[in-house]
Structures are given as structure tokens and as C-alpha cells.
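What follows is the content of upload.pdb (PDB, C-alpha atoms).
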```
ATOM      1  CA  MET A  12     -16.335 -29.025 105.662
ATOM      2  CA  PRO A  13     -17.819 -31.343 102.947
ATOM      3  CA  VAL A  14     -20.660 -28.869 102.432
ATOM      4  CA  ALA A  15     -18.314 -25.926 101.733
ATOM      5  CA  ARG A  16     -16.265 -28.021  99.275
ATOM      6  CA  ALA A  17     -19.386 -29.084  97.406
ATOM      7  CA  PHE A  18     -20.546 -25.460  97.221
ATOM      8  CA  ARG A  19     -17.209 -24.360  95.706
ATOM      9  CA  TRP A  20     -17.461 -27.125  93.038
ATOM     10  CA  SER A  21     -20.977 -25.974  92.138
ATOM     11  CA  ILE A  22     -19.836 -22.368  91.659
ATOM     12  CA  SER A  23     -16.945 -23.502  89.449
ATOM     13  CA  ALA A  24     -19.253 -25.609  87.279
ATOM     14  CA  VAL A  25     -21.680 -22.738  86.801
ATOM     15  CA  ALA A  26     -18.880 -20.343  85.816
ATOM     16  CA  LEU A  27     -17.483 -22.825  83.321
ATOM     17  CA  ALA A  28     -20.907 -23.362  81.717
ATOM     18  CA  ALA A  29     -21.498 -19.610  81.463
ATOM     19  CA  SER A  30     -18.112 -19.065  79.828
ATOM     20  CA  ALA A  31     -18.808 -21.792  77.276
ATOM     21  CA  ALA A  32     -22.230 -20.348  76.505
ATOM     22  CA  LEU A  33     -20.805 -16.877  75.920
ATOM     23  CA  SER A  34     -18.109 -18.211  73.619
ATOM     24  CA  LEU A  35     -20.602 -20.244  71.627
ATOM     25  CA  GLY A  36     -22.937 -17.266  71.407
ATOM     26  CA  GLY A  37     -20.181 -15.061  70.032
ATOM     27  CA  CYS A  38     -19.425 -17.615  67.326
ATOM     28  CA  MET A  39     -23.052 -17.943  66.379
ATOM     29  CA  GLN A  40     -23.425 -14.159  66.023
ATOM     30  CA  THR A  41     -20.632 -13.881  63.426
ATOM     31  CA  ALA A  42     -22.273 -14.156  60.009
ATOM     32  CA  GLY A  43     -20.216 -15.746  57.236
ATOM     33  CA  PRO A  44     -20.480 -14.638  53.627
ATOM     34  CA  VAL A  45     -22.897 -16.571  51.407
ATOM     35  CA  ALA A  46     -22.524 -16.051  47.640
ATOM     36  CA  TYR A  47     -24.406 -17.566  44.727
ATOM     37  CA  VAL A  48     -22.442 -17.959  41.530
ATOM     38  CA  GLN A  49     -24.185 -16.643  38.443
ATOM     39  CA  PRO A  50     -25.632 -19.467  36.350
ATOM     40  CA  ARG A  51     -24.147 -20.036  32.917
ATOM     41  CA  PRO A  52     -26.183 -18.917  29.907
ATOM     42  CA  ASP A  53     -28.263 -21.609  28.253
ATOM     43  CA  LEU A  54     -27.374 -23.060  24.868
ATOM     44  CA  ASP A  55     -29.988 -20.982  23.012
ATOM     45  CA  SER A  56     -28.435 -17.760  24.281
ATOM     46  CA  MET A  57     -24.951 -18.952  23.340
ATOM     47  CA  ALA A  58     -26.028 -20.055  19.876
ATOM     48  CA  TYR A  59     -28.119 -17.077  18.872
ATOM     49  CA  GLY A  60     -26.283 -14.312  20.684
ATOM     50  CA  GLN A  61     -29.273 -13.017  22.631
ATOM     51  CA  PRO A  62     -28.453 -11.066  25.821
ATOM     52  CA  TYR A  63     -28.769 -13.233  28.868
ATOM     53  CA  GLY A  64     -30.694 -11.617  31.717
ATOM     54  CA  ALA A  65     -28.909 -13.358  34.544
ATOM     55  CA  PRO A  66     -29.909 -12.297  38.081
ATOM     56  CA  GLN A  67     -27.350 -10.411  40.079
ATOM     57  CA  PRO A  68     -25.546 -12.517  42.717
ATOM     58  CA  VAL A  69     -26.992 -12.335  46.241
ATOM     59  CA  VAL A  70     -24.422 -11.724  48.982
ATOM     60  CA  VAL A  71     -25.078 -11.719  52.698
ATOM     61  CA  ALA A  72     -23.201  -8.852  54.312
ATOM     62  CA  ASN A  73     -20.181  -9.765  56.402
ATOM     63  CA  SER A  74     -19.160  -7.513  59.248
ATOM     64  CA  GLY A  75     -15.615  -8.841  59.279
ATOM     65  CA  GLY A  76     -12.733  -8.434  56.814
ATOM     66  CA  GLY A  77     -10.052 -10.641  55.394
ATOM     67  CA  ALA A  78      -9.900 -13.033  52.445
ATOM     68  CA  ILE A  79     -13.474 -14.255  52.833
ATOM     69  CA  ALA A  80     -14.824 -10.704  52.616
ATOM     70  CA  ALA A  81     -12.678 -10.009  49.541
ATOM     71  CA  LEU A  82     -14.014 -13.147  47.853
ATOM     72  CA  SER A  83     -17.566 -12.089  48.702
ATOM     73  CA  ASN A  84     -17.016  -8.634  47.210
ATOM     74  CA  SER A  85     -15.538 -10.148  44.032
ATOM     75  CA  PHE A  86     -18.731 -12.153  43.500
ATOM     76  CA  ALA A  87     -20.849  -9.059  44.058
ATOM     77  CA  SER A  88     -18.921  -6.880  41.589
ATOM     78  CA  SER A  89     -18.365  -9.444  38.791
ATOM     79  CA  PRO A  90     -19.997  -8.412  35.487
ATOM     80  CA  ALA A  91     -22.758 -10.396  33.838
ATOM     81  CA  PRO A  92     -21.494 -13.025  31.347
ATOM     82  CA  MET A  93     -21.051 -11.823  27.777
ATOM     83  CA  PRO A  94     -23.302 -13.490  25.172
ATOM     84  CA  VAL A  95     -21.522 -15.691  22.652
ATOM     85  CA  GLY A  96     -22.555 -15.559  19.003
ATOM     86  CA  TYR A  97     -21.702 -18.016  16.282
ATOM     87  CA  ALA A  98     -21.433 -17.110  12.631
ATOM     88  CA  ALA A  99     -23.961 -18.653  10.305
ATOM     89  CA  PRO A 100     -22.699 -21.748   8.572
ATOM     90  CA  MET A 101     -21.281 -21.165   5.153
ATOM     91  CA  ALA A 102     -23.544 -22.003   2.291
ATOM     92  CA  GLY A 103     -22.983 -25.389   0.709
ATOM     93  CA  PRO A 104     -21.872 -26.018  -2.857
ATOM     94  CA  VAL A 105     -24.231 -24.786  -5.545
ATOM     95  CA  ARG A 106     -25.998 -27.605  -7.367
ATOM     96  CA  TYR A 107     -27.376 -27.045 -10.850
ATOM     97  CA  ASP A 108     -30.029 -29.509 -11.874
ATOM     98  CA  ALA A 109     -33.499 -29.262 -13.387
ATOM     99  CA  SER A 110     -34.093 -25.918 -11.642
ATOM    100  CA  TYR A 111     -31.194 -24.156 -13.400
ATOM    101  CA  HIS A 112     -32.318 -21.269 -15.624
ATOM    102  CA  LEU A 113     -30.635 -21.066 -19.000
ATOM    103  CA  ASP A 114     -29.108 -17.919 -20.445
ATOM    104  CA  ALA A 115     -26.895 -16.673 -23.252
ATOM    105  CA  GLY A 116     -23.580 -18.516 -23.391
ATOM    106  CA  ASP A 117     -24.897 -21.885 -22.187
ATOM    107  CA  LYS A 118     -24.287 -24.722 -24.633
ATOM    108  CA  LEU A 119     -26.960 -27.422 -24.844
ATOM    109  CA  ARG A 120     -27.227 -30.943 -26.171
ATOM    110  CA  VAL A 121     -30.661 -31.469 -27.740
ATOM    111  CA  VAL A 122     -31.682 -35.043 -28.487
ATOM    112  CA  VAL A 123     -34.763 -35.765 -30.628
ATOM    113  CA  TYR A 124     -35.145 -39.531 -30.527
ATOM    114  CA  GLY A 125     -35.284 -41.100 -33.978
ATOM    115  CA  GLN A 126     -34.339 -37.810 -35.659
ATOM    116  CA  GLU A 127     -30.596 -37.646 -36.233
ATOM    117  CA  GLY A 128     -30.904 -34.494 -38.305
ATOM    118  CA  LEU A 129     -32.331 -32.601 -35.314
ATOM    119  CA  THR A 130     -30.124 -34.084 -32.616
ATOM    120  CA  ASN A 131     -27.172 -31.752 -32.117
ATOM    121  CA  SER A 132     -25.390 -29.298 -29.796
ATOM    122  CA  TYR A 133     -26.767 -25.762 -29.754
ATOM    123  CA  ALA A 134     -25.421 -22.599 -28.098
ATOM    124  CA  ILE A 135     -27.774 -20.002 -26.711
ATOM    125  CA  ASP A 136     -27.053 -16.800 -28.603
ATOM    126  CA  ALA A 137     -26.974 -13.217 -27.315
ATOM    127  CA  GLY A 138     -30.701 -12.939 -27.961
ATOM    128  CA  GLY A 139     -31.360 -15.868 -25.612
ATOM    129  CA  SER A 140     -32.472 -18.388 -28.276
ATOM    130  CA  ILE A 141     -31.245 -21.518 -30.024
ATOM    131  CA  THR A 142     -31.815 -22.097 -33.724
ATOM    132  CA  MET A 143     -32.856 -25.574 -34.884
ATOM    133  CA  PRO A 144     -33.770 -27.036 -38.282
ATOM    134  CA  LEU A 145     -37.455 -26.992 -39.210
ATOM    135  CA  ILE A 146     -38.620 -24.897 -36.252
ATOM    136  CA  GLY A 147     -36.080 -22.056 -36.354
ATOM    137  CA  ALA A 148     -35.361 -19.918 -33.278
ATOM    138  CA  VAL A 149     -36.610 -21.244 -29.932
ATOM    139  CA  PRO A 150     -36.426 -18.903 -26.882
ATOM    140  CA  ALA A 151     -34.287 -20.495 -24.166
ATOM    141  CA  ARG A 152     -33.350 -17.666 -21.787
ATOM    142  CA  GLY A 153     -34.952 -18.083 -18.387
ATOM    143  CA  ARG A 154     -36.222 -21.601 -19.146
ATOM    144  CA  THR A 155     -35.189 -24.834 -17.477
ATOM    145  CA  THR A 156     -33.934 -27.724 -19.576
ATOM    146  CA  ALA A 157     -37.279 -29.512 -19.105
ATOM    147  CA  GLY A 158     -39.207 -26.389 -20.131
ATOM    148  CA  LEU A 159     -37.106 -25.963 -23.256
ATOM    149  CA  ALA A 160     -37.565 -29.636 -24.197
ATOM    150  CA  GLY A 161     -41.326 -29.206 -23.882
ATOM    151  CA  GLU A 162     -41.265 -26.120 -26.109
ATOM    152  CA  ILE A 163     -39.219 -27.905 -28.775
ATOM    153  CA  ALA A 164     -41.540 -30.919 -28.700
ATOM    154  CA  ALA A 165     -44.620 -28.671 -29.034
ATOM    155  CA  ARG A 166     -43.172 -26.936 -32.094
ATOM    156  CA  LEU A 167     -42.153 -30.220 -33.727
ATOM    157  CA  ARG A 168     -45.615 -31.646 -33.071
ATOM    158  CA  ASN A 169     -47.149 -28.726 -34.944
ATOM    159  CA  GLY A 170     -46.897 -30.136 -38.466
ATOM    160  CA  TYR A 171     -43.510 -31.911 -38.406
ATOM    161  CA  ILE A 172     -43.380 -34.987 -36.132
ATOM    162  CA  ARG A 173     -46.444 -36.792 -34.808
ATOM    163  CA  GLU A 174     -45.145 -37.785 -31.360
ATOM    164  CA  PRO A 175     -41.676 -36.236 -30.826
ATOM    165  CA  SER A 176     -39.587 -37.303 -27.841
ATOM    166  CA  VAL A 177     -37.113 -34.575 -26.866
ATOM    167  CA  ALA A 178     -34.430 -34.367 -24.196
ATOM    168  CA  VAL A 179     -32.244 -31.341 -23.384
ATOM    169  CA  GLU A 180     -29.112 -31.398 -21.235
ATOM    170  CA  ILE A 181     -26.426 -28.822 -20.488
ATOM    171  CA  ASP A 182     -23.245 -29.463 -22.434
ATOM    172  CA  SER A 183     -21.328 -26.550 -20.826
ATOM    173  CA  TYR A 184     -22.274 -23.554 -18.705
ATOM    174  CA  ARG A 185     -21.793 -19.940 -19.676
ATOM    175  CA  PRO A 186     -18.451 -18.500 -18.514
ATOM    176  CA  PHE A 187     -17.725 -16.378 -15.464
ATOM    177  CA  PHE A 188     -15.688 -13.160 -15.380
ATOM    178  CA  ILE A 189     -13.022 -12.029 -12.932
ATOM    179  CA  LEU A 190     -11.605  -8.500 -12.801
ATOM    180  CA  GLY A 191      -9.344  -6.391 -10.643
ATOM    181  CA  GLU A 192      -6.278  -7.404  -8.671
ATOM    182  CA  VAL A 193      -5.596 -10.890 -10.058
ATOM    183  CA  SER A 194      -2.736 -12.059 -12.239
ATOM    184  CA  ALA A 195      -4.829 -12.755 -15.334
ATOM    185  CA  PRO A 196      -8.257 -11.085 -15.314
ATOM    186  CA  GLY A 197     -10.714 -12.091 -18.001
ATOM    187  CA  GLN A 198     -13.360 -14.639 -18.975
ATOM    188  CA  TYR A 199     -13.077 -18.300 -17.980
ATOM    189  CA  PRO A 200     -15.180 -21.456 -18.399
ATOM    190  CA  TYR A 201     -17.406 -22.162 -15.446
ATOM    191  CA  VAL A 202     -16.868 -25.370 -13.470
ATOM    192  CA  PRO A 203     -19.791 -26.723 -11.397
ATOM    193  CA  ASN A 204     -19.571 -26.139  -7.636
ATOM    194  CA  MET A 205     -16.747 -23.620  -7.915
ATOM    195  CA  THR A 206     -16.198 -20.872  -5.326
ATOM    196  CA  VAL A 207     -14.697 -17.385  -5.382
ATOM    197  CA  GLU A 208     -11.411 -18.831  -4.142
ATOM    198  CA  SER A 209     -11.183 -21.342  -7.000
ATOM    199  CA  ALA A 210     -12.080 -18.571  -9.468
ATOM    200  CA  VAL A 211      -9.134 -16.514  -8.181
ATOM    201  CA  ALA A 212      -6.888 -19.567  -8.546
ATOM    202  CA  ILE A 213      -8.031 -20.051 -12.170
ATOM    203  CA  ALA A 214      -7.138 -16.402 -12.841
ATOM    204  CA  GLY A 215      -3.569 -16.940 -11.618
ATOM    205  CA  GLY A 216      -4.032 -15.883  -7.993
ATOM    206  CA  PHE A 217      -4.020 -12.505  -6.276
ATOM    207  CA  SER A 218      -1.759  -9.671  -7.324
ATOM    208  CA  PRO A 219       0.564  -8.207  -4.638
ATOM    209  CA  ARG A 220      -1.838  -5.279  -4.081
ATOM    210  CA  ALA A 221      -5.024  -7.365  -3.833
ATOM    211  CA  LYS A 222      -7.442  -7.225  -0.929
ATOM    212  CA  ARG A 223      -7.550 -10.898  -0.045
ATOM    213  CA  ASP A 224     -10.284 -11.289   2.550
ATOM    214  CA  VAL A 225     -13.439 -10.287   0.612
ATOM    215  CA  VAL A 226     -14.406  -9.645  -3.014
ATOM    216  CA  THR A 227     -17.387  -8.185  -4.860
ATOM    217  CA  VAL A 228     -19.615 -10.557  -6.831
ATOM    218  CA  THR A 229     -22.236  -9.423  -9.344
ATOM    219  CA  HIS A 230     -24.949 -11.986 -10.093
ATOM    220  CA  THR A 231     -27.475 -11.513 -12.884
ATOM    221  CA  GLU A 232     -30.920 -13.096 -12.977
ATOM    222  CA  ALA A 233     -33.968 -12.491 -15.113
ATOM    223  CA  GLY A 234     -35.151  -9.918 -12.579
ATOM    224  CA  GLY A 235     -31.924  -7.895 -12.722
ATOM    225  CA  ALA A 236     -28.423  -7.756 -11.279
ATOM    226  CA  MET A 237     -27.421  -8.112  -7.628
ATOM    227  CA  ARG A 238     -24.056  -7.066  -6.201
ATOM    228  CA  ALA A 239     -22.670  -8.204  -2.845
ATOM    229  CA  ILE A 240     -19.404  -8.228  -0.897
ATOM    230  CA  VAL A 241     -18.673 -11.854  -0.008
ATOM    231  CA  PRO A 242     -15.896 -13.998   1.557
ATOM    232  CA  LEU A 243     -13.684 -16.266  -0.534
ATOM    233  CA  GLY A 244     -15.655 -19.421   0.243
ATOM    234  CA  THR A 245     -18.841 -18.146  -1.416
ATOM    235  CA  PRO A 246     -20.160 -20.357  -4.252
ATOM    236  CA  LEU A 247     -20.280 -18.874  -7.750
ATOM    237  CA  ALA A 248     -22.935 -19.268 -10.449
ATOM    238  CA  PRO A 249     -22.449 -19.275 -14.218
ATOM    239  CA  GLY A 250     -22.204 -15.772 -15.614
ATOM    240  CA  ASP A 251     -21.126 -14.190 -12.301
ATOM    241  CA  THR A 252     -18.587 -11.383 -12.305
ATOM    242  CA  VAL A 253     -15.941 -11.340  -9.552
ATOM    243  CA  PHE A 254     -14.115  -8.117  -8.748
ATOM    244  CA  VAL A 255     -11.008  -8.212  -6.539
ATOM    245  CA  GLY A 256     -10.311  -4.819  -5.008
ATOM    246  CA  GLU A 257      -7.057  -3.145  -4.096
ATOM    247  CA  ARG A 258      -5.954  -2.944  -0.476
ATOM    248  CA  TRP A 259      -5.121   0.423   1.029
ATOM    249  CA  PHE A 260      -2.135  -0.618   3.124
TER     250      PHE A 260
END
```

What does the file become when written as C-alpha cells?
Amino acid sequence: MPVARAFRWSISAVALAASAALSLGGCMQTAGPVAYVQPRPDLDSMAYGQPYGAPQPVVVANSGGGAIAALSNSFASSPAPMPVGYAAPMAGPVRYDASYHLDAGDKLRVVVYGQEGLTNSYAIDAGGSITMPLIGAVPARGRTTAGLAGEIAARLRNGYIREPSVAVEIDSYRPFFILGEVSAPGQYPYVPNMTVESAVAIAGGFSPRAKRDVVTVTHTEAGGAMRAIVPLGTPLAPGDTVFVGERWF
């Protein structure tokens, strides 16, 4: 009798262990979804707008359904991240110093130390020259203030003053021009570090029909004229011409 009871307990224990093994095996055979999120683009790609070649997400197939499978499929079908581009910073205020090139309309203050008869204010005429006592017309167009001072000193040294000391500074810049859809188009004195927006304000503001987002600026140098469509924050140079167009709607 004890032997039969012990045999029945052994059979029950074996059956229980087999059932547990089968259950555990079934759980181990069910594969869960494994998804890798796409890495974010690096800062260089975001700053310069270059396409980011991100690898496609790797998903382990799931034989089952439900919310986990839907989440897995959403990772697999998500598009690659869009590159982000940043506009170039706006140019800073224009500074006119020793590198500024003179032209017709600029008014200069010429100082010849010890020579009150030569020290005076001179305007650059349409021919691009200033006219001084003793030495007559001196070409100024395209020169810097230092270059013009050197030319004046060289001419004075040639038979007039033994060791002349000359300084040239800008008394006022040549004017700028604004045309088109503004309240008062015309010619206005240039103010250092002014922008297109301040030029429009000087001309009385936009007219009701003006195109207010961009304007056309014509800039003239010794090499010729350059025309460009620019935003309102663009710095202006002396002698520039601003044209405000008419909007179509």
C-alpha cells in the first residue's frame, strides 16, 4: 500500500513538471517586437540643411497582433527626419572708415596744417574732382580719404610748400535716392549705418499699393552698377537707389 501511494505521487510530479515546461516553452517561442528609434540628425545637418542619411529602423517580425504590433509597424513606416535649414544671419551695419571710396556728391573737409588759406570744405563735383587754390583740380573719385590726402600733399610739395601736412575727412556723404511706391520719392541725405527700412521711413513710408516685403537696390561702384532684390533690413551705401515696387493684390 505505501508503494502504490508513492508511485502515484511520482506520476503526479512528473505530469506537473511537464506541464510547466510546455507552458514556459510556449512563452519563450513568442517573439516580441524590437524597434530602434531613428537617431536625431546632428547639429551640422540641422545648421547647414544637408540631407541626413539616417538608417532605416530595424524591426523584428512579430507573429502576433494587437497594440504592440501596431506600434512596431508605426516605427517601420515612419519617414526619415526632414533636414532643418537656418537662414544666413543678416549682414551687420555698414561701417565707412578709411576704406570708403569717394565719389561725386561727397563733401570733404581738407586741412592743411599751418595753411589757413588752403584749409576748407570741398565738394566732389560731377567730374569726380575737388578744386583747391594753388594746385587746381585734384581727382578724388575712387580714392580713399588717405589716398586723396597723399595726392594733395604731393602736389603742394611740388613747388609750393616744403613739407605739407594734409588731412582729409568726410564732412557729409553723397545722397541716396528712393523711387516708386513711397509717400515722397526723391533724393535724401545719407545717414551712416542706415538700412532700406530707414530710407523708406525718411521718404514718408510706403504708399497703400507698395510691395512691403522686398525692394530693389541699385549700387554703383567704380566697376559698374549692381542691382539686387533685398529685404528691408539690408544696409544702404551712399549713392544707392532704392526702388519700391507695386504689389499685384

Exercise for review: Carefully work through the PyMOL selection byres ((chain A and resi 185) around 7) for this structure and note down the residues it includes, as number ranges by chain.
Suggested key: A: 116-117, 183-184, 186-187, 200-201, 249-250

Take the residues just selected and output them with C-alpha atoms as an mmCIF file, keeping the file's coordinate frame.
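File written: selection35.cif
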```
data_model
loop_
_atom_site.group_PDB
_atom_site.id
_atom_site.type_symbol
_atom_site.label_atom_id
_atom_site.label_comp_id
_atom_site.auth_asym_id
_atom_site.auth_seq_id
_atom_site.Cartn_x
_atom_site.Cartn_y
_atom_site.Cartn_z
ATOM 1 C CA GLY A 116 -23.580 -18.516 -23.391
ATOM 2 C CA ASP A 117 -24.897 -21.885 -22.187
ATOM 3 C CA SER A 183 -21.328 -26.550 -20.826
ATOM 4 C CA TYR A 184 -22.274 -23.554 -18.705
ATOM 5 C CA PRO A 186 -18.451 -18.500 -18.514
ATOM 6 C CA PHE A 187 -17.725 -16.378 -15.464
ATOM 7 C CA PRO A 200 -15.180 -21.456 -18.399
ATOM 8 C CA TYR A 201 -17.406 -22.162 -15.446
ATOM 9 C CA PRO A 249 -22.449 -19.275 -14.218
ATOM 10 C CA GLY A 250 -22.204 -15.772 -15.614
#
```

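Here atom CA of A:Tyr199 stands at a distance of 23.2 Å from atom CA of A:Ser110.
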
Check your understanding: A:Leu145: which residues within 9 Å, counting only C-alpha atoms, same-chain residues fewer than 4 positions away excluded, as a VMD selection string?
Key -> chain A and resid 129 167 171

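From atom CA of A:Pro203 back to atom CA of A:Pro246, the distance works out to 9.6 Å.
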
**Study point:** Expected answer as a PyMOL selection string: all residues with atoms within 12 Å of (-40.3, -27.4, -25.7), only C-alpha atoms
**Key:** chain A and resi 121-123+141+143+146+148-151+154-169+175-179

Export, as a PDB file, keeping the file's coordinate frame, the selected residues with C-alpha atoms.
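Output saved as selection_20.pdb:
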```
ATOM      1  CA  VAL A 121     -30.661 -31.469 -27.740  1.00  0.00           C
ATOM      2  CA  VAL A 122     -31.682 -35.043 -28.487  1.00  0.00           C
ATOM      3  CA  VAL A 123     -34.763 -35.765 -30.628  1.00  0.00           C
ATOM      4  CA  ILE A 141     -31.245 -21.518 -30.024  1.00  0.00           C
ATOM      5  CA  MET A 143     -32.856 -25.574 -34.884  1.00  0.00           C
ATOM      6  CA  ILE A 146     -38.620 -24.897 -36.252  1.00  0.00           C
ATOM      7  CA  ALA A 148     -35.361 -19.918 -33.278  1.00  0.00           C
ATOM      8  CA  VAL A 149     -36.610 -21.244 -29.932  1.00  0.00           C
ATOM      9  CA  PRO A 150     -36.426 -18.903 -26.882  1.00  0.00           C
ATOM     10  CA  ALA A 151     -34.287 -20.495 -24.166  1.00  0.00           C
ATOM     11  CA  ARG A 154     -36.222 -21.601 -19.146  1.00  0.00           C
ATOM     12  CA  THR A 155     -35.189 -24.834 -17.477  1.00  0.00           C
ATOM     13  CA  THR A 156     -33.934 -27.724 -19.576  1.00  0.00           C
ATOM     14  CA  ALA A 157     -37.279 -29.512 -19.105  1.00  0.00           C
ATOM     15  CA  GLY A 158     -39.207 -26.389 -20.131  1.00  0.00           C
ATOM     16  CA  LEU A 159     -37.106 -25.963 -23.256  1.00  0.00           C
ATOM     17  CA  ALA A 160     -37.565 -29.636 -24.197  1.00  0.00           C
ATOM     18  CA  GLY A 161     -41.326 -29.206 -23.882  1.00  0.00           C
ATOM     19  CA  GLU A 162     -41.265 -26.120 -26.109  1.00  0.00           C
ATOM     20  CA  ILE A 163     -39.219 -27.905 -28.775  1.00  0.00           C
ATOM     21  CA  ALA A 164     -41.540 -30.919 -28.700  1.00  0.00           C
ATOM     22  CA  ALA A 165     -44.620 -28.671 -29.034  1.00  0.00           C
ATOM     23  CA  ARG A 166     -43.172 -26.936 -32.094  1.00  0.00           C
ATOM     24  CA  LEU A 167     -42.153 -30.220 -33.727  1.00  0.00           C
ATOM     25  CA  ARG A 168     -45.615 -31.646 -33.071  1.00  0.00           C
ATOM     26  CA  ASN A 169     -47.149 -28.726 -34.944  1.00  0.00           C
ATOM     27  CA  PRO A 175     -41.676 -36.236 -30.826  1.00  0.00           C
ATOM     28  CA  SER A 176     -39.587 -37.303 -27.841  1.00  0.00           C
ATOM     29  CA  VAL A 177     -37.113 -34.575 -26.866  1.00  0.00           C
ATOM     30  CA  ALA A 178     -34.430 -34.367 -24.196  1.00  0.00           C
ATOM     31  CA  VAL A 179     -32.244 -31.341 -23.384  1.00  0.00           C
TER      32      VAL A 179
END
```

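In this comparison, which uses all atoms listed in the file, the residue of A:Gly235, A:Gly138, A:Asp182, A:Gln198 approaching A:Leu119 most closely is A:Asp182.
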
Long-range neighbours of A:Ser218 as a PDB file with C-alpha atoms, keeping the file's coordinate frame, 10 Å cut-off, all atoms listed in the file, 6 positions minimum in chain:
```
ATOM      1  CA  GLY A 191      -9.344  -6.391 -10.643  1.00  0.00           C
ATOM      2  CA  GLU A 192      -6.278  -7.404  -8.671  1.00  0.00           C
ATOM      3  CA  VAL A 193      -5.596 -10.890 -10.058  1.00  0.00           C
ATOM      4  CA  SER A 194      -2.736 -12.059 -12.239  1.00  0.00           C
ATOM      5  CA  ALA A 195      -4.829 -12.755 -15.334  1.00  0.00           C
ATOM      6  CA  VAL A 255     -11.008  -8.212  -6.539  1.00  0.00           C
ATOM      7  CA  GLU A 257      -7.057  -3.145  -4.096  1.00  0.00           C
TER       8      GLU A 257
END
```

Review point. If you measure from atom CA of A:Lys118 to atom CA of A:Ser132, what distance in Å do you get, rounded to one decimal?
Key: 7.0 Å

**Study point:** Nearest to A:Arg120 by atom-to-atom distance, counting only C-alpha atoms, from A:Gly170, A:Ile181, A:Ala239, A:Asp224
**Key:** A:Ile181

**Study point:** Nearest-residue call for A:Ile172, choices A:Phe188, A:Pro219, A:Leu243, A:Tyr124, using all atoms listed in the file
**Key:** A:Tyr124

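The nearest approach to A:Gly256 among the residues A:Gln126, A:Thr142, A:Thr206, A:Thr227, with all atoms listed in the file taken into account, belongs to A:Thr227.
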
Point to revise | Surrounding residues of A:Arg238 excluding itself and chain neighbours under 3 positions, 10 Å, all atoms listed in the file, as number ranges by chain | key: A: 227-231, 241, 251-253

Point to revise | Answer key for the PyMOL selection byres ((chain A and resi 114) around 7), residues as a PyMOL selection string | key: chain A and resi 112-113+115-117+135+139+151-153
